[in-house]
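Here's the structure we're looking at; comments come further down.
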Amino acid sequence: MAQETKMSTSSTPTYSPDSLPELLPVYYKRLFPFGPYYRWLNYGGVPKTYFPHREFSFTLENDIYIRYQSFADQSEMEKEIQKRCPYKIDIGAVFTHKPKDHRTLKAAAFQAQEKELVFDIDMTDYDDVRSCCQGADICSKCWPLMTIAIKIVDSALCDDFGFNHRLWVYSGRRGVHCWVCDEAARKLSQNARSAIAEYLSIVKGGENQIKKVFLGEQLHPSIERAKQVIVSYFEDYALNKQDILGDKESWKKVLVLVPDDDLRGHLEHDMTKGSNSMERWKLLRERINREVSAGRAKRCGQLVAEIAFQYCYPRLDVNVSKGVNHLLKSPFCIHPKTGRVCVPMDTTELDLFDPMKVPDISQLCYEIDDFDRRNNPAESNDENQPPNKKRIKDYKKTSLLKNVEVFERFVAGMEKTWKGKLQEQSDRQMEF
């Protein structure tokens, strides 16, 4: 066991990036859930080349990057990961041939065929509308943006596209990833992926684009559904936590989104009447609705919703979703900066998820040793336990347990689908 985890104090150790080379061998040997991880990416073993033709990439210590890794089975993957102890694992596409053999093939013969439809939502893309943090920093005041994003995108993927197997993963630092694993999603062309990503992209425009949301007079059902999610969070998130109308500097950022000059002037005056964001938002809504109803405000029919969407609607990195051969960080990686695990998230408990409480690698290694000391003081070294004694899986000794169980339920849900399809194939063969 790594020295960091051999602590006799009752307090949990604080993570330091310097400790990662020492802790990763412990993590990959005792905690990484290779079993369900392999079952996920093997997709029932049909076809048998699916897993062996999958690309992995490793980022090693000192930013050494190795692409086109591939493995015959779980055992080979497990041994190679434990040997190299990558700082980061990325998952890529399933290719026509084994990625590790790509140098022996002509470029035209080595092509990406399938991959999960993936989404990447990063808090840095909201820097223009959050006041509490910037860059890689996050806190409880801005994290609701990720909760809102997951609820909106997840509903669209389910209700609008019929995708059933959606895995949401905390990135370990400042964002979330989604893996859509239905067979239909994995087989999507680049054009189809682009169409879905664009369908979900409402906030558009770079740094020089001030107003980034333009909604039609009649809202599409998907937009209306997203609006209901945003409305349910807006008061607490935007008005209380972010205080978007709290002072003149803040409300000027909101009012610059108003396209009608006369209406903007009225709103500037109204803002001085309120004493806080809640009161000013009420005045803003009342003024906009009044002016629109009277036909005096141009292009402002959905302005209240457009402002709320600009501050709260999901901001996707569409390039991640478009490419079949785009790599994405694997679940259960360790983020080297924070030490936190990239954990699968339970979408039924999103409001309870706190990224600050996600276990880091130092904490997990300590929890294993602490559990062993408390429960098997004479047998803290697992290798010395009697052969007939049932061994508790190490992740069950730690706060990673709940996240592994979320992942196992996800994989089990997919396996039911695979079993049904295998039975159908078998029945068709018998009929023939």
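Residues are named by chain letter and number: chains run A, B, ... in the order of the structure tokens, numbers start at 1 in each chain, and ligands are numbered from 1 in the order shown.
If you count only C-alpha atoms and ignore residues fewer than 6 places along the chain from Thr49 (chain A), what sits within 12 Å of it is Leu41, Asn42, Tyr43, Ser70, Phe71, Ala72, Asp73, Val94, Phe95, Thr96, His97, Lys98, Pro99 and Gln113 of chain A.
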- [ ] Would you list, as a ChimeraX atom specification, the residues of region 172-204 of chain A that end up in strand (DSSP E) under DSSP run on this structure's backbone?
- [x] /A:175-180
Resulting file, chosen residues, N, CA, C and O atoms, as a PDB file, in the first residue's frame:
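Okay, again.pdb is ready:
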ATOM      1  N   GLY A 175     -16.981  19.934 -15.030  1.00  0.00           N
ATOM      2  CA  GLY A 175     -18.018  19.680 -16.011  1.00  0.00           C
ATOM      3  C   GLY A 175     -18.567  18.274 -15.948  1.00  0.00           C
ATOM      4  O   GLY A 175     -18.284  17.509 -15.017  1.00  0.00           O
ATOM      5  N   VAL A 176     -19.370  17.933 -16.965  1.00  0.00           N
ATOM      6  CA  VAL A 176     -19.992  16.612 -17.033  1.00  0.00           C
ATOM      7  C   VAL A 176     -19.907  16.087 -18.466  1.00  0.00           C
ATOM      8  O   VAL A 176     -19.819  16.859 -19.427  1.00  0.00           O
ATOM      9  N   HIS A 177     -19.943  14.772 -18.580  1.00  0.00           N
ATOM     10  CA  HIS A 177     -19.955  14.096 -19.878  1.00  0.00           C
ATOM     11  C   HIS A 177     -21.163  13.180 -19.944  1.00  0.00           C
ATOM     12  O   HIS A 177     -21.613  12.662 -18.919  1.00  0.00           O
ATOM     13  N   CYS A 178     -21.670  12.977 -21.145  1.00  0.00           N
ATOM     14  CA  CYS A 178     -22.755  12.023 -21.352  1.00  0.00           C
ATOM     15  C   CYS A 178     -22.355  11.022 -22.426  1.00  0.00           C
ATOM     16  O   CYS A 178     -21.841  11.408 -23.485  1.00  0.00           O
ATOM     17  N   TRP A 179     -22.594   9.740 -22.135  1.00  0.00           N
ATOM     18  CA  TRP A 179     -22.356   8.663 -23.099  1.00  0.00           C
ATOM     19  C   TRP A 179     -23.707   8.047 -23.447  1.00  0.00           C
ATOM     20  O   TRP A 179     -24.358   7.446 -22.586  1.00  0.00           O
ATOM     21  N   VAL A 180     -24.138   8.194 -24.698  1.00  0.00           N
ATOM     22  CA  VAL A 180     -25.382   7.584 -25.151  1.00  0.00           C
ATOM     23  C   VAL A 180     -25.008   6.275 -25.829  1.00  0.00           C
ATOM     24  O   VAL A 180     -24.332   6.264 -26.861  1.00  0.00           O
TER      25      VAL A 180
END
- [ ] In Å, rounded to a single decimal, give me how far CA of Trp251 (chain A) is from CA of Arg280 (chain A).
- [x]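 If I compute the distance from CA of Arg280 (chain A) to CA of Trp251 (chain A), I get 8.9 Å.
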Task: Residue among A:Trp418, A:Tyr311, A:Phe353, A:Phe110 lying closest to Tyr68 (chain A), counting only C-alpha atoms - done: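 Checking each candidate against Tyr68 (chain A), we get A:Phe110 as the closest.
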Open item on the list: Using DSSP assignments from the backbone, pull out every residue in region 261-299 of chain A that falls under helix (DSSP H, G or I) and give it to me as a PyMOL selection string.
Closed with: chain A and resi 261-271+277-293
Open item on the list: Neighbouring residues of Val404 (chain A) were defined as those with any atom within 12 Å, considering only C-alpha atoms; residues of the same chain fewer than 5 positions away were excluded. Please report them as a PyMOL selection string.
Closed with: chain A and resi 31-37+169+331-332+341-346+393-399+409-411
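Proximity to Arg299 (chain A) at 10 Å, evaluated using only C-alpha atoms and with sequence-adjacent residues fewer than 3 positions away removed, yields Phe214, Leu215, Gly216, Glu217, Val258, Pro259, Asp260, Val292, Arg296, Gln302 and Leu303 of chain A.
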Preceding selection exported with N, CA, C and O atoms as a CSV table (one decimal), in the first residue's frame:
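Output contents, as saved in again.csv:
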chain,number,residue,atom,x,y,z
A,214,PHE,N,-32.0,33.3,-29.5
A,214,PHE,CA,-33.2,33.9,-30.3
A,214,PHE,C,-34.2,32.8,-30.4
A,214,PHE,O,-34.0,31.8,-31.1
A,215,LEU,N,-35.3,33.0,-29.8
A,215,LEU,CA,-36.4,32.0,-29.8
A,215,LEU,C,-37.5,32.5,-30.7
A,215,LEU,O,-37.8,33.7,-30.7
A,216,GLY,N,-38.2,31.6,-31.4
A,216,GLY,CA,-39.3,32.0,-32.2
A,216,GLY,C,-40.5,32.3,-31.4
A,216,GLY,O,-40.6,32.0,-30.2
A,217,GLU,N,-41.5,32.9,-32.0
A,217,GLU,CA,-42.8,33.3,-31.3
A,217,GLU,C,-43.5,32.1,-30.7
A,217,GLU,O,-44.0,32.1,-29.6
A,258,VAL,N,-31.6,43.3,-24.4
A,258,VAL,CA,-32.9,43.8,-24.9
A,258,VAL,C,-32.7,44.5,-26.2
A,258,VAL,O,-32.0,45.5,-26.3
A,259,PRO,N,-33.4,44.0,-27.3
A,259,PRO,CA,-33.2,44.5,-28.7
A,259,PRO,C,-33.9,45.9,-28.9
A,259,PRO,O,-33.5,46.6,-29.9
A,260,ASP,N,-34.9,46.2,-28.2
A,260,ASP,CA,-35.7,47.4,-28.4
A,260,ASP,C,-35.1,48.6,-27.5
A,260,ASP,O,-35.1,48.5,-26.3
A,292,VAL,N,-44.9,44.4,-24.7
A,292,VAL,CA,-45.2,43.5,-25.8
A,292,VAL,C,-46.7,43.4,-26.1
A,292,VAL,O,-47.1,43.4,-27.3
A,296,ARG,N,-45.7,47.7,-28.5
A,296,ARG,CA,-44.7,48.8,-28.5
A,296,ARG,C,-43.3,48.2,-28.6
A,296,ARG,O,-42.3,49.0,-28.9
A,302,GLN,N,-40.5,36.8,-26.9
A,302,GLN,CA,-39.9,35.7,-26.0
A,302,GLN,C,-38.7,36.2,-25.2
A,302,GLN,O,-37.9,35.4,-24.8
A,303,LEU,N,-38.7,37.5,-25.0
A,303,LEU,CA,-37.5,38.1,-24.4
A,303,LEU,C,-37.2,37.6,-23.0
A,303,LEU,O,-36.0,37.3,-22.7
Open item on the list: Using only C-alpha atoms, which protein or nucleic acid residues come within 12 Å of Asp262 (chain A)? Drop anything in the same chain fewer than 3 positions from it, and give the result as a list in words.
Closed with: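 Here the qualifying residues turn out to be Leu255, Val258, Pro259, Gly265, His266, Leu267, Glu268, His269, Arg287, Ile288, Glu291, Val292, Arg296, Ala297, Lys298 and Cys300 of chain A.
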- [ ] Choose the residue, out of A:Met123, A:Ile361, A:Met356, A:Cys142, that has the smallest atom-to-atom separation from Tyr233 (chain A); count only C-alpha atoms.
- [x]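 Of the candidates, the smallest distance to Tyr233 (chain A) is held by A:Cys142.
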Task: Spatial neighbours of Ile81 (chain A), 12 Å, only C-alpha atoms, chain gap at least 4 places, as an MDAnalysis selection string - done: chainID A and resid 24:29 32 34 56:60 69:71 74:77 85:89 333
Give me the residues within 6 Å of Leu327 (chain A) as an mmCIF file with C-alpha atoms, in the first residue's frame, counting only C-alpha atoms and dropping any in the same chain fewer than 4 places off.
data_model
loop_
_atom_site.group_PDB
_atom_site.id
_atom_site.type_symbol
_atom_site.label_atom_id
_atom_site.label_comp_id
_atom_site.auth_asym_id
_atom_site.auth_seq_id
_atom_site.Cartn_x
_atom_site.Cartn_y
_atom_site.Cartn_z
ATOM 1 C CA ASP A 90 -9.567 8.383 -23.117
ATOM 2 C CA ILE A 91 -12.023 6.177 -24.990
ATOM 3 C CA GLY A 92 -12.266 6.402 -28.762
#
TODO: May I ask which of the residues A:Lys357, A:Arg391, A:Arg315, A:Arg173 is the closest one to Lys337 (chain A), counting only C-alpha atoms?
DONE: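 Of all the options, A:Arg173 lies closest to Lys337 (chain A).
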- [ ] Go through A:Ser189, A:Thr417, A:Thr347, A:Thr272 one by one, measure the shortest atom-to-atom distance of each to Asn325 (chain A) using only C-alpha atoms, and give the residue with the smallest value.
- [x]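 Residue with the minimum atom-to-atom distance to Asn325 (chain A): A:Ser189.
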TODO: Find the residue from A:Lys416, A:Arg193, A:Lys402, A:Lys322 that sits nearest to Pro359 (chain A); use only C-alpha atoms when measuring.
DONE: A:Lys402
TODO: May I ask for the distance between CA of Arg30 (chain A) and CA of Asn403 (chain A), given in Å to one decimal place?
DONE: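 One can read the CA of Arg30 (chain A) to CA of Asn403 (chain A) distance as 15.4 Å.
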Task: Using only C-alpha atoms: which of A:Ala412, A:Cys312, A:Ala136, A:Ile196 has the shortest distance to Thr124 (chain A) - done: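 For Thr124 (chain A), the nearest of the candidates is A:Ala136.
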Task: One-decimal distance in Å that lies between CA of Val320 (chain A) and CA of Glu198 (chain A) - done: 12.0 Å
